[in-house]
Every structure is written in C-alpha cells, then in structure tokens.
>>> print(open('upload.cif').read())   # mmCIF, C-alpha atoms
data_entry
loop_
_atom_site.label_atom_id
_atom_site.label_comp_id
_atom_site.auth_asym_id
_atom_site.auth_seq_id
_atom_site.Cartn_x
_atom_site.Cartn_y
_atom_site.Cartn_z
CA MET I 324 25.32 26.45 15.60
CA ASN I 325 26.58 28.73 12.82
CA ASP I 326 28.44 25.74 11.38
CA VAL I 327 25.19 23.73 11.34
CA ASN I 328 23.29 26.61 9.70
CA GLY I 329 25.62 26.41 6.74
CA HIS I 330 24.27 22.93 5.94
CA TYR I 331 20.70 24.21 5.55
CA PRO I 332 19.48 26.33 2.63
CA SER I 333 18.55 29.96 3.27
CA ASN I 334 15.59 29.39 0.94
CA GLY I 335 14.20 25.94 0.38
CA ARG I 336 13.76 22.75 2.34
CA VAL I 337 15.63 19.65 3.47
CA ILE I 338 13.71 16.40 3.01
CA LEU I 339 14.61 12.87 4.11
CA HIS I 340 13.07 9.77 2.60
CA LEU I 341 13.30 6.85 5.02
CA ASP I 342 12.90 3.45 3.34
CA MET I 343 13.07 0.23 5.33
CA ASN I 344 15.06 -2.48 3.55
CA ALA I 345 13.23 -5.75 2.74
CA PHE I 346 10.95 -4.73 5.58
CA TYR I 347 8.81 -7.82 6.14
CA CYS I 348 11.74 -10.23 5.91
CA SER I 349 13.85 -7.93 8.09
CA VAL I 350 11.12 -7.91 10.75
CA HIS I 351 11.09 -11.71 10.89
CA GLU I 352 14.89 -11.74 11.07
CA ALA I 353 14.79 -9.23 13.94
CA GLU I 354 12.21 -11.38 15.76
CA GLU I 355 13.94 -14.73 15.23
CA PRO I 356 17.54 -14.14 14.14
CA GLU I 357 18.51 -17.70 15.04
CA ILE I 358 16.20 -18.96 12.28
CA PHE I 359 16.31 -16.25 9.59
CA ALA I 360 19.52 -14.22 9.94
CA GLY I 361 21.48 -14.20 6.68
CA LYS I 362 19.17 -16.76 5.08
CA ALA I 363 17.34 -16.61 1.76
CA THR I 364 13.79 -15.86 2.89
CA ALA I 365 10.59 -14.60 1.28
CA VAL I 366 7.24 -13.45 2.58
CA SER I 367 4.63 -14.81 0.21
CA GLY I 368 1.08 -15.90 -0.31
CA SER I 369 0.02 -19.51 -0.25
CA VAL I 370 0.71 -21.58 -3.36
CA GLU I 371 -2.08 -23.95 -2.36
CA LYS I 372 -4.55 -21.07 -2.17
CA ARG I 373 -3.35 -19.60 -5.47
CA LYS I 374 -1.72 -16.54 -3.97
CA GLY I 375 1.78 -17.70 -4.74
CA ILE I 376 3.52 -14.36 -5.26
CA ILE I 377 6.70 -13.18 -3.55
CA VAL I 378 5.67 -10.03 -1.68
CA THR I 379 9.23 -9.32 -0.56
CA CYS I 380 12.44 -11.27 -0.14
CA SER I 381 15.68 -10.92 1.80
CA TYR I 382 18.86 -9.59 0.26
CA ALA I 383 20.37 -13.08 0.47
CA ALA I 384 17.49 -14.27 -1.74
CA ARG I 385 17.95 -11.34 -4.12
CA LYS I 386 21.57 -12.25 -4.67
CA LEU I 387 20.33 -15.59 -6.02
CA GLY I 388 18.03 -13.87 -8.53
CA ILE I 389 14.76 -14.05 -6.58
CA ARG I 390 12.66 -10.93 -6.97
CA THR I 391 9.55 -9.27 -5.53
CA GLY I 392 6.49 -10.13 -7.62
CA MET I 393 7.96 -13.46 -8.76
CA ASN I 394 5.82 -16.59 -8.65
CA VAL I 395 6.69 -18.76 -5.65
CA ARG I 396 7.16 -21.86 -7.80
CA GLU I 397 9.64 -20.00 -9.98
CA ALA I 398 11.52 -18.81 -6.88
CA LEU I 399 11.73 -22.35 -5.52
CA ARG I 400 13.22 -23.51 -8.81
CA ILE I 401 16.00 -20.98 -8.28
CA ASP I 402 16.55 -22.03 -4.66
CA ALA I 403 14.81 -25.11 -3.32
CA ASN I 404 15.93 -24.10 0.20
CA LEU I 405 14.22 -20.72 0.08
CA ILE I 406 12.41 -20.18 3.40
CA LEU I 407 8.81 -19.11 2.79
CA ILE I 408 7.22 -17.07 5.57
CA THR I 409 3.52 -16.50 6.18
CA PRO I 410 2.80 -12.78 6.52
CA ASN I 411 2.05 -11.39 9.97
CA PHE I 412 0.73 -7.84 9.67
CA ASP I 413 0.24 -7.39 13.40
CA LEU I 414 3.99 -7.85 13.74
CA TYR I 415 4.76 -5.53 10.82
CA ARG I 416 2.55 -2.81 12.28
CA ARG I 417 4.34 -3.01 15.63
CA TYR I 418 7.74 -2.58 14.00
CA SER I 419 6.38 0.15 11.73
CA LYS I 420 5.17 2.11 14.76
CA GLY I 421 8.58 1.51 16.31
CA PHE I 422 10.68 3.09 13.58
CA MET I 423 8.09 5.84 13.08
CA SER I 424 8.30 6.74 16.77
CA ILE I 425 12.03 7.33 16.31
CA ALA I 426 11.52 9.47 13.20
CA ASN I 427 8.88 11.53 15.02
CA GLN I 428 11.46 12.63 17.57
CA TYR I 429 13.32 14.70 14.96
CA THR I 430 10.45 16.57 13.26
CA PRO I 431 6.66 16.81 13.47
CA LEU I 432 6.52 17.11 9.68
CA ILE I 433 6.31 13.44 8.72
CA GLU I 434 4.32 11.85 5.90
CA GLN I 435 4.03 8.08 6.16
CA VAL I 436 3.31 6.80 2.67
CA SER I 437 3.28 3.09 3.46
CA ILE I 438 3.96 0.66 6.28
CA ASP I 439 7.71 0.78 5.56
CA GLU I 440 8.53 4.29 4.29
CA CYS I 441 8.04 7.94 5.13
CA TYR I 442 9.16 11.45 4.25
CA LEU I 443 10.54 13.84 6.90
CA ASP I 444 10.82 17.59 6.45
CA ILE I 445 13.79 18.49 8.71
CA THR I 446 14.20 22.09 7.57
CA GLY I 447 13.44 23.27 11.10
CA SER I 448 15.42 20.54 12.87
CA LYS I 449 18.80 22.31 13.11
CA LEU I 450 18.82 21.70 16.86
CA PHE I 451 19.65 18.03 16.11
CA GLY I 452 22.60 18.82 13.86
CA THR I 453 23.29 18.77 10.13
CA PRO I 454 20.94 16.90 7.77
CA LEU I 455 23.52 14.17 7.29
CA HIS I 456 24.02 13.83 11.05
CA ILE I 457 20.23 13.54 11.59
CA ALA I 458 19.97 10.86 8.89
CA GLU I 459 22.89 8.90 10.39
CA THR I 460 21.41 9.17 13.90
CA ILE I 461 17.96 7.93 12.79
CA GLN I 462 19.47 5.05 10.83
CA LYS I 463 21.71 4.05 13.76
CA ARG I 464 18.87 4.19 16.30
CA ILE I 465 16.52 2.09 14.15
CA LYS I 466 19.24 -0.53 13.86
CA GLN I 467 20.07 -0.48 17.57
CA GLU I 468 16.52 -0.31 18.94
CA TRP I 469 14.65 -2.42 16.37
CA ASN I 470 17.44 -4.34 14.63
CA LEU I 471 16.15 -3.17 11.23
CA PRO I 472 18.16 -1.91 8.25
CA CYS I 473 17.05 1.17 6.36
CA SER I 474 18.20 3.48 3.58
CA ILE I 475 17.79 7.25 3.70
CA GLY I 476 17.81 9.83 0.94
CA VAL I 477 18.69 13.46 1.76
CA ALA I 478 17.53 16.07 -0.76
CA PRO I 479 15.82 19.44 -1.27
CA ASN I 480 12.51 17.83 -2.30
CA LYS I 481 10.50 14.62 -2.02
CA LEU I 482 11.25 13.38 -5.54
CA LEU I 483 15.03 13.54 -5.17
CA ALA I 484 14.89 12.20 -1.61
CA LYS I 485 12.96 9.15 -2.85
CA MET I 486 15.40 8.54 -5.68
CA ALA I 487 18.37 9.01 -3.35
CA SER I 488 17.11 6.43 -0.86
CA ASP I 489 17.01 3.85 -3.67
CA MET I 490 20.65 4.36 -4.62
CA LYS I 491 22.34 2.56 -1.73
CA LYS I 492 20.63 -0.52 -0.31
CA PRO I 493 20.76 -1.90 2.26
CA ASN I 494 21.85 0.55 4.99
CA GLY I 495 22.80 3.41 2.70
CA ILE I 496 22.59 7.17 3.07
CA THR I 497 22.69 9.27 -0.12
CA VAL I 498 22.67 13.04 -0.55
CA LEU I 499 21.20 14.19 -3.87
CA ARG I 500 21.08 17.92 -4.66
CA ARG I 501 19.56 19.55 -7.71
CA ARG I 502 22.99 20.47 -9.02
CA ASP I 503 23.90 16.76 -8.90
CA VAL I 504 21.01 15.73 -11.16
CA PRO I 505 22.78 16.11 -14.56
CA ASN I 506 25.80 14.05 -13.49
CA ILE I 507 23.97 11.39 -11.50
CA LEU I 508 20.57 10.97 -13.18
CA TRP I 509 20.67 12.18 -16.75
CA GLU I 510 22.40 9.13 -18.21
CA LYS I 511 19.82 6.76 -16.66
CA PRO I 512 16.82 5.46 -18.71
CA CYS I 513 13.54 7.33 -18.23
CA VAL I 514 11.93 4.36 -16.47
CA GLU I 515 14.28 4.94 -13.51
CA LEU I 516 12.74 8.36 -12.83
CA PHE I 517 10.33 7.90 -9.93
CA GLY I 518 6.76 8.23 -11.21
CA ILE I 519 7.43 6.97 -14.73
CA GLY I 520 6.26 3.43 -15.46
CA GLN I 521 7.16 1.03 -18.23
CA LYS I 522 4.28 2.06 -20.48
CA THR I 523 5.16 5.75 -20.27
CA ALA I 524 8.83 4.95 -20.87
CA GLU I 525 7.89 3.01 -24.02
CA LYS I 526 5.83 5.94 -25.25
CA LEU I 527 8.79 8.27 -24.60
CA LYS I 528 11.04 5.97 -26.65
CA LYS I 529 8.71 6.37 -29.61
CA LEU I 530 9.40 10.10 -29.31
CA HIS I 531 13.16 9.28 -29.31
CA ILE I 532 13.45 10.19 -25.64
CA HIS I 533 15.48 7.43 -23.99
CA THR I 534 17.26 8.98 -21.01
CA ILE I 535 16.30 11.29 -18.15
CA GLY I 536 18.67 13.88 -19.61
CA GLU I 537 16.93 13.79 -22.98
CA LEU I 538 13.61 14.16 -21.19
CA ALA I 539 14.95 17.16 -19.25
CA ARG I 540 15.96 18.87 -22.51
CA THR I 541 12.76 18.10 -24.47
CA GLU I 542 10.51 20.99 -25.40
CA GLU I 543 7.63 21.17 -22.94
CA SER I 544 5.14 21.77 -25.77
CA LEU I 545 5.92 18.33 -27.24
CA LEU I 546 5.45 16.64 -23.84
CA LEU I 547 2.20 18.50 -23.22
CA LYS I 548 0.91 17.43 -26.63
CA SER I 549 1.76 13.77 -25.98
CA PHE I 550 1.04 13.43 -22.24
CA GLY I 551 -1.12 16.39 -21.21
CA VAL I 552 -0.34 17.96 -17.84
CA MET I 553 1.80 14.95 -16.91
CA GLY I 554 4.23 16.09 -19.62
CA ALA I 555 5.01 19.28 -17.71
CA TRP I 556 5.51 17.27 -14.52
CA MET I 557 7.91 14.86 -16.28
CA LYS I 558 10.09 17.70 -17.59
CA ASP I 559 10.28 19.28 -14.12
CA ALA I 560 11.03 15.92 -12.50
CA ALA I 561 13.82 15.18 -15.01
CA ASN I 562 15.37 18.49 -13.97
CA GLY I 563 15.06 17.62 -10.28
CA ILE I 564 12.15 20.00 -9.64
CA ASP I 565 9.36 18.94 -7.27
CA ASN I 566 7.20 21.37 -5.27
CA ASN I 567 5.12 18.80 -3.36
CA GLU I 568 5.16 19.40 0.38
CA VAL I 569 5.49 16.81 3.11
CA LYS I 570 1.92 16.30 4.33
CA SER I 571 2.08 15.62 8.04
CA GLU I 572 -1.62 14.75 8.37
CA ARG I 573 -2.98 11.85 6.39
CA GLU I 574 -6.12 12.47 4.38
CA VAL I 575 -9.35 10.75 5.38
CA ASN I 576 -9.74 7.44 3.58
CA LYS I 577 -11.35 7.91 0.18
CA SER I 578 -12.42 4.28 0.13
CA ILE I 579 -12.40 1.12 2.22
CA GLY I 580 -12.18 -2.27 0.56
CA HIS I 581 -11.20 -5.92 0.69
CA THR I 582 -10.55 -8.49 -2.01
CA THR I 583 -10.04 -12.23 -1.68
CA THR I 584 -8.53 -14.69 -4.13
CA LEU I 585 -10.47 -17.95 -4.10
CA PRO I 586 -8.82 -21.38 -3.61
CA ALA I 587 -10.85 -22.73 -6.50
CA ASP I 588 -12.99 -21.07 -9.13
CA LEU I 589 -16.50 -20.60 -7.76
CA THR I 590 -19.53 -21.11 -9.97
CA ASN I 591 -22.26 -21.60 -7.37
CA SER I 592 -24.20 -18.46 -6.40
CA GLU I 593 -24.63 -19.66 -2.81
CA ASP I 594 -20.85 -19.95 -2.35
CA ILE I 595 -20.32 -16.57 -4.00
CA ASN I 596 -22.88 -14.86 -1.77
CA ARG I 597 -21.17 -16.26 1.32
CA VAL I 598 -17.88 -14.72 0.18
CA LEU I 599 -19.64 -11.41 -0.45
CA LEU I 600 -21.17 -11.60 3.04
CA ASN I 601 -17.76 -11.94 4.68
CA LEU I 602 -16.41 -9.08 2.58
CA ALA I 603 -19.41 -6.90 3.49
CA ASP I 604 -18.92 -7.77 7.14
CA GLN I 605 -15.31 -6.66 7.30
CA THR I 606 -15.67 -3.53 5.17
CA SER I 607 -18.66 -2.37 7.23
CA ARG I 608 -16.72 -3.08 10.44
CA ARG I 609 -13.93 -0.80 9.28
CA LEU I 610 -16.47 1.89 8.38
CA ARG I 611 -17.97 1.81 11.86
CA HIS I 612 -14.56 1.82 13.55
CA GLN I 613 -13.71 5.02 11.70
CA GLY I 614 -17.09 6.62 12.32
CA LEU I 615 -17.89 6.71 8.61
CA VAL I 616 -20.74 5.82 6.28
CA ALA I 617 -20.52 4.95 2.59
CA GLY I 618 -22.61 6.26 -0.26
CA THR I 619 -21.39 3.84 -2.94
CA VAL I 620 -20.83 0.06 -3.02
CA GLN I 621 -18.42 -1.27 -5.67
CA ILE I 622 -17.71 -4.91 -6.44
CA THR I 623 -14.72 -6.43 -8.20
CA ILE I 624 -15.00 -9.70 -10.14
CA ARG I 625 -11.96 -11.40 -11.63
CA LYS I 626 -12.21 -14.39 -13.96
CA PRO I 627 -9.70 -17.25 -14.35
CA ASP I 628 -8.24 -15.56 -17.46
CA MET I 629 -7.48 -12.54 -15.19
CA THR I 630 -9.98 -10.24 -16.90
CA THR I 631 -11.42 -7.99 -14.20
CA ILE I 632 -14.58 -5.93 -14.03
CA THR I 633 -15.70 -3.41 -11.41
CA ARG I 634 -19.27 -2.23 -11.03
CA SER I 635 -20.72 0.22 -8.52
CA TYR I 636 -24.03 1.51 -7.21
CA THR I 637 -24.66 4.79 -5.37
CA MET I 638 -27.37 4.46 -2.75
CA ASP I 639 -30.04 7.02 -1.92
CA THR I 640 -28.90 6.99 1.71
CA PRO I 641 -25.33 6.39 2.95
CA THR I 642 -24.87 3.44 5.30
CA HIS I 643 -22.48 1.44 7.46
CA ASN I 644 -24.92 -1.45 7.77
CA MET I 645 -23.52 -4.83 6.72
CA GLU I 646 -26.85 -6.17 5.52
CA GLU I 647 -27.42 -3.22 3.20
CA ILE I 648 -23.88 -3.41 1.81
CA HIS I 649 -24.23 -7.16 1.27
CA LYS I 650 -27.60 -6.70 -0.43
CA GLN I 651 -26.22 -4.13 -2.88
CA ALA I 652 -23.14 -6.27 -3.58
CA GLN I 653 -25.33 -9.30 -4.27
CA ARG I 654 -27.54 -7.27 -6.59
CA LEU I 655 -24.56 -5.88 -8.51
CA PHE I 656 -23.08 -9.34 -8.85
CA ALA I 657 -26.33 -10.83 -10.12
CA GLN I 658 -26.62 -8.08 -12.72
CA HIS I 659 -23.10 -8.44 -14.08
CA TRP I 660 -22.36 -12.16 -13.76
CA ARG I 661 -23.51 -14.80 -16.19
CA TYR I 662 -24.83 -17.76 -14.21
CA GLY I 663 -22.31 -20.61 -14.10
CA ASP I 664 -19.25 -18.55 -15.15
CA PRO I 665 -16.23 -19.29 -12.91
CA VAL I 666 -14.96 -16.57 -10.55
CA ARG I 667 -11.35 -16.38 -9.32
CA LEU I 668 -11.42 -13.26 -7.13
CA LEU I 669 -14.09 -11.14 -5.46
CA GLY I 670 -13.92 -7.78 -3.75
CA ILE I 671 -16.07 -5.09 -2.17
CA THR I 672 -14.99 -1.45 -1.99
CA LEU I 673 -17.00 1.24 -0.19
CA GLN I 674 -16.71 4.74 -1.67
CA ASN I 675 -18.04 8.27 -1.21
CA LEU I 676 -17.24 8.11 2.49
CA GLN I 677 -18.37 10.74 4.95
CA PRO I 678 -18.43 11.11 8.73
CA LEU I 679 -21.45 9.48 10.34
CA GLN I 680 -22.13 12.55 12.48
CA SER I 681 -22.45 14.88 9.49
CA SER I 682 -24.40 12.54 7.21
CA ALA I 683 -28.13 12.81 6.70
CA ILE I 684 -29.33 9.22 7.12
CA GLN I 685 -33.02 8.82 6.42
CA LEU I 686 -34.87 5.94 8.02
CA ASP I 687 -37.23 3.84 5.96
CA LEU I 688 -40.86 4.66 6.83
CA PHE I 689 -41.71 0.98 7.42
CA SER I 690 -38.64 -0.01 9.43
CA TYR I 691 -37.70 3.02 11.53
CA ASN I 692 -38.90 1.27 14.71
CA GLU I 693 -36.47 -1.57 14.09
CA GLU I 694 -33.43 0.55 13.18
CA PRO I 695 -32.47 1.62 16.74
CA LYS I 696 -32.62 -2.03 17.84
CA LYS I 697 -30.42 -3.11 14.94
CA GLU I 698 -27.97 -0.29 15.68
CA ALA I 699 -27.76 -1.28 19.34
CA LEU I 700 -27.23 -4.95 18.44
CA THR I 701 -24.51 -4.03 15.94
CA LYS I 702 -22.69 -1.98 18.60
CA VAL I 703 -22.80 -4.89 21.05
CA MET I 704 -21.48 -7.30 18.41
CA ASP I 705 -18.69 -4.89 17.48
CA LYS I 706 -17.64 -4.57 21.13
CA LEU I 707 -17.61 -8.36 21.58
CA ARG I 708 -15.49 -8.83 18.46
CA ASP I 709 -13.15 -6.01 19.48
CA LYS I 710 -12.57 -7.78 22.79
CA PHE I 711 -12.63 -11.46 21.83
CA GLY I 712 -11.67 -11.47 18.16
CA GLU I 713 -13.38 -11.23 14.79
CA SER I 714 -14.79 -14.76 14.97
CA ALA I 715 -16.43 -14.29 18.39
CA VAL I 716 -19.85 -13.44 16.93
CA LEU I 717 -20.76 -14.56 13.42
CA THR I 718 -23.91 -15.09 11.45
CA ALA I 719 -24.48 -18.58 10.06
CA GLY I 720 -23.79 -17.34 6.54
CA MET I 721 -20.24 -16.31 7.44
CA LEU I 722 -19.14 -19.77 8.53
CA SER I 723 -16.83 -21.31 5.94
CA ASP I 724 -13.26 -22.42 5.33
CA ASP I 725 -12.72 -20.38 2.18
CA PRO I 726 -10.32 -17.39 2.13
CA SER I 727 -13.16 -14.90 2.59
CA SER I 728 -13.28 -15.97 6.23
CA LEU I 729 -9.54 -15.34 6.60
CA ILE I 730 -9.93 -11.58 6.19
CA ARG I 731 -11.19 -11.59 9.77
CA ASP I 732 -7.61 -12.52 10.80
CA LYS I 733 -5.70 -9.26 11.25
CA LYS I 734 -2.37 -11.07 11.21
CA ILE I 735 -2.76 -11.92 7.54
CA ARG I 736 -5.26 -9.26 6.55
CA GLY I 737 -2.90 -6.41 7.05
CA THR I 738 -2.39 -3.81 4.46
CA SER I 739 -3.57 -6.62 2.97
CA LEU I 740 -1.67 -9.34 1.20
CA GLN I 741 -4.31 -9.38 -1.52
CA LYS I 742 -3.88 -5.63 -2.02
CA LEU I 743 -0.10 -6.02 -2.25
CA GLU I 744 -0.44 -8.80 -4.79
CA LYS I 745 -2.97 -6.77 -6.78
CA ASP I 746 -0.44 -3.91 -6.84
CA TYR I 747 2.17 -6.25 -8.31
CA GLU I 748 -0.29 -7.68 -10.83
CA ASP I 749 -1.33 -4.16 -11.88
CA ARG I 750 2.31 -3.13 -12.09
CA ASP I 751 3.07 -6.09 -14.34
CA LYS I 752 0.13 -5.16 -16.60
CA SER I 753 1.47 -1.63 -16.94
CA LYS I 754 4.86 -2.85 -18.11
#
>>> encode(input="upload.cif", output="structure tokens")
Amino acid sequence: MNDVNGHYPSNGRVILHLDMNAFYCSVHEAEEPEIFAGKATAVSGSVEKRKGIIVTCSYAARKLGIRTGMNVREALRIDANLILITPNFDLYRRYSKGFMSIANQYTPLIEQVSIDECYLDITGSKLFGTPLHIAETIQKRIKQEWNLPCSIGVAPNKLLAKMASDMKKPNGITVLRRRDVPNILWEKPCVELFGIGQKTAEKLKKLHIHTIGELARTEESLLLKSFGVMGAWMKDAANGIDNNEVKSEREVNKSIGHTTTLPADLTNSEDINRVLLNLADQTSRRLRHQGLVAGTVQITIRKPDMTTITRSYTMDTPTHNMEEIHKQAQRLFAQHWRYGDPVRLLGITLQNLQPLQSSAIQLDLFSYNEEPKKEALTKVMDKLRDKFGESAVLTAGMLSDDPSSLIRDKKIRGTSLQKLEKDYEDRDKSK
C-alpha cells in the first residue's frame, strides 16, 4: 500500500478523462462486427432530408481523409464505398450506460460531460491501485465487456486530463503532469489548448502570440485588456493550471429544446404551424417527465442562406402545457416572420425552468374549471405514450411526414442529431 501511496500527491488530485473513440461507429461495430469491423463507416444525417453531415466516422474512414463535420457528398467523393449508418440513440445510450457503470465502480466522483466522455476524480481510489493501473483496468474492462475502444488521460486536473486523452487515439493512455507542460505543450499552436477556438487563436496571433508557450509567458495585464476575465484563464491554462472540480451531480437542465431541419423550405404558415406543434409537443413532454415548468418560450428560425434568428417571450405564469407553448411559439413566429419567406429550420427551446411543485401556477379565472380535466387528460395521454410509443396518441395537427414528426422517434432523436449538427455548424462559424 505504501508503494501505491507514492503514486498519489500528498496535496492535490488525480483526475482521469475517459473518452470513447469514434463512439457511435464503435457501437455499431460492437453490435455487428461481421458488417462493420475494420470498415470505413460514418454515422450521418440524411442527404435526402438535407442533414448530410458526418457526425462521426471510424478510424478506417479517417485514414482516407474523411472527417467529422464533413458534408456526406464530399465524403462519398473520397470513398464511394463509405458505409453510411443511420443514428440509433437508444443503442448509444445503452452502451454509454455500460461503460459508465464500469467507471462508477472505481470512484463516486464522476462527471459525465457527454454521451461518450466523462471525468473521474480517483484521488481517494488508492484501494484499486496506482492511477495508471486504474486507467489500464477501466480501459481493459470496457474493451472486454462492451467491445469498445477508449482513450484515457491521467493528470492532476481536468484540463490536462482532457488534453492527455486526445494525445493517443485510439486505445491510448497518457499521463500529463504540470511539470510536463513546457516540454509537451508549449511548442503547440494556441488553438490546440482545450477551450481556445479558432477565432480566439486568430486574435492571439494579432498580438503575436502563436504558441501555448508564448501564451504562458504573456503578461496577464495584456490578456485581461484584450480578452477580459478569459485572458486570466488562458494564461493559467497555458501553464497547466485548472482549479475546476469534478462535479459528480449534474445540474438541473437550464433549458429543454428541439430543432428540426426541413426537407424543403417551407413558406406556408399552415405547414409551419404543424412543425411548431410537433416541437411544442415533444418539449412539453420532456418538461412533464422531469417535473418541470417553463417560464420562457424561445423559437429559432433559420433561413436558406443560414442566417438564424432567435426570439423569446416570458409568460406571466410558467407552464408545461403543450397548447400554451404552441400558442406562444406561433405568436412569436408570426411577429418575426415575413409572410412567404422560406424557412429551412425551426426550433423551440423552453427556458427559465423550475420544479412544478415549487412553482406558483395561477389558473385563469374563466377556465379554472377546465384545467383539472385537461391535466388529467394530459397525464393519461403521457402514460399511453410512455407505454405504447410517442405516436400512440396524437392530435390531428401532428400527423405529417415531415421531419418534425420524427422527433417522436427516440432512436434518432437522441442527444439529438440536429443538436450535434448545429454544434458542428456553430463550430465552423467560429473558425
């Protein structure tokens, strides 16, 4: 035990960052190795429905030059035999719970930051061996029990653990200590420091700061003047300093939302309102499942030229009622859309969330007799849909074959594909 103690700091922490490699593609390979093992594969949206973006691709595909965020048509030009896979988020969730259940056996201090990565604080896990032994054991078990590859970073803080896990992929384990930072990180460009995007890196270049080492040596006053409080964070990060703790309990959702990319530009208000109805239905369902009500309804409208506007309205009384959410979304859309303009994407996000039990919901003087009946009917409909599927009970206005109806399918709704693609689009805009 004394030998193990020597591998842990007397003051400080030991953090692992566990990052699943090409997670979605790896899950499909684990499920059907006879079809996908060793092949160039990609999980992507539908080209026909204008969601043709590579969400992730296998390492065999990456060797050919195919990359996450690439347009599907471009990827197929690189490799006409690329296997395109429809996303299945039910499957991804099952595998995510699987590898997380293994990680949970080595420490209760786990922060899951996405479906395929998490931080582990193993400072108090000496019983299981040295940090490197724990990392090797977790990696080996995930491979044996779930047939999934992963990379793990071992470091004294979350920032360095994250950067370490990116250094050896797939199936790598990297130890990165603060004293290693000058030799390993300082020659790299600033954009490779986790948390610094392309735009910030370009701004740093204008200040003649090109590498992480130059950033580490820059006077903090200059960084504060140019970047505000983020400047102080960047200097610390470049020196390997990060005081953020592993948060073992996830915060309550700050918002709940869905977006849907349309198969063709919509210009008819009736079609648009049907899409908004389906979006209101699913967002309100998620509110009720979590025992929450929303105070603010926000809509997102994207045009064919990719310009995007968001508009919101804060209600006098918070709600989880679909009809109210739909009504406010319709009203916002009518106020901020010029009749006949084409729409490419629509979304509804519910904000200012609070627990239903602690919210003061006031009933309208003229409809309070009807509210209990509506509430009871909503509960019955929710139970039927929980048991028999999202399409078991629908209003006439929800019936359609456009993508807004597909968000009722949990297999493709997931984290959701639209959200992932929006992340990539936003990332591209920031570059």
>>> atom_distance(input="upload.cif", atom1="CA of Ser367 in chain I", atom2="CA of Gln621 in chain I")
27.4 Å
>>> resolve_selection(input="upload.cif", expression="the PyMOL selection byres ((chain I and resi 487) around 9)", output="PyMOL selection string")
chain I and resi 340+474-478+482-486+488-491+496-499
>>> residues_near_point(input="upload.cif", point="(-15.7, 5.4, 8.3)", cutoff="7 Å", atoms="only C-alpha atoms", output="ChimeraX atom specification")
/I:609-616,676-678
>>> closest_residue(input="upload.cif", among="I:Met343, I:Ile377, I:Ala539, I:Val569", to="Pro431 in chain I", atoms="all atoms listed in the file")
I:Val569
>>> resolve_selection(input="upload.cif", expression="the PyMOL selection byres ((chain I and resi 464) around 12)", output="ChimeraX atom specification")
/I:421-426,428-429,457-463,465-473
>>> atom_distance(input="upload.cif", atom1="CA of Val366 in chain I", atom2="CA of Ala383 in chain I")
13.3 Å
>>> closest_residue(input="upload.cif", among="I:Thr584, I:Asn480, I:Gln435, I:Ser607", to="Arg336 in chain I", atoms="only C-alpha atoms")
I:Asn480
>>> resolve_selection(input="upload.cif", expression="the PyMOL selection byres ((chain I and resi 646-657) around 8)", output="ChimeraX atom specification")
/I:596,599-600,603-604,607,620-622,634-636,642-645,658-661,671
>>> closest_residue(input="upload.cif", among="I:Trp556, I:Phe412, I:Phe550, I:Tyr418", to="Thr523 in chain I", atoms="only C-alpha atoms")
I:Phe550
>>> closest_residue(input="upload.cif", among="I:Arg597, I:Tyr415, I:Asp559, I:Ala365", to="Leu399 in chain I", atoms="all atoms listed in the file")
I:Ala365
>>> atom_distance(input="upload.cif", atom1="CA of Asp439 in chain I", atom2="CA of Pro410 in chain I")
14.5 Å
>>> closest_residue(input="upload.cif", among="I:Asp588, I:Glu537, I:Asp664, I:Glu434", to="Leu508 in chain I", atoms="only C-alpha atoms")
I:Glu537
>>> residues_around(input="upload.cif", residues="Thr379 in chain I", least_positions_apart="4", cutoff="9 Å", atoms="only C-alpha atoms", output="compact mmCIF listing (two decimals) with C-alpha atoms, in the coordinates of the input")
# COMPACT_ATOMS: atom_id res chain seq x y z
CA ALA I 345 13.23 -5.75 2.74
CA PHE I 346 10.95 -4.73 5.58
CA TYR I 347 8.81 -7.82 6.14
CA CYS I 348 11.74 -10.23 5.91
CA THR I 364 13.79 -15.86 2.89
CA ALA I 365 10.59 -14.60 1.28
CA VAL I 366 7.24 -13.45 2.58
CA SER I 367 4.63 -14.81 0.21
CA ARG I 390 12.66 -10.93 -6.97
CA THR I 391 9.55 -9.27 -5.53
CA GLY I 392 6.49 -10.13 -7.62
>>> residues_around(input="upload.cif", residues="Gly388 in chain I", least_positions_apart="6", cutoff="12 Å", atoms="all atoms listed in the file", output="list in words")
Ala363, Cys380, Ser381, Tyr382, Glu397, Ala398, Leu399, Arg400, Ile401, Asp402 and Leu405 of chain I
>>> residues_around(input="upload.cif", residues="Leu516 in chain I", least_positions_apart="3", cutoff="8 Å", atoms="all atoms listed in the file", output="number ranges by chain")
I: 486, 512-513, 519, 535, 560-561
>>> write_last_selection(input="upload.cif", atoms="C-alpha atoms", output="tab-separated table (two decimals), keeping the file's coordinate frame")
chain	number	residue	atom	x	y	z
I	486	MET	CA	15.40	8.54	-5.68
I	512	PRO	CA	16.82	5.46	-18.71
I	513	CYS	CA	13.54	7.33	-18.23
I	519	ILE	CA	7.43	6.97	-14.73
I	535	ILE	CA	16.30	11.29	-18.15
I	560	ALA	CA	11.03	15.92	-12.50
I	561	ALA	CA	13.82	15.18	-15.01
>>> closest_residue(input="upload.cif", among="I:Val504, I:Leu669, I:Leu432, I:Ile564", to="Ser448 in chain I", atoms="all atoms listed in the file")
I:Leu432
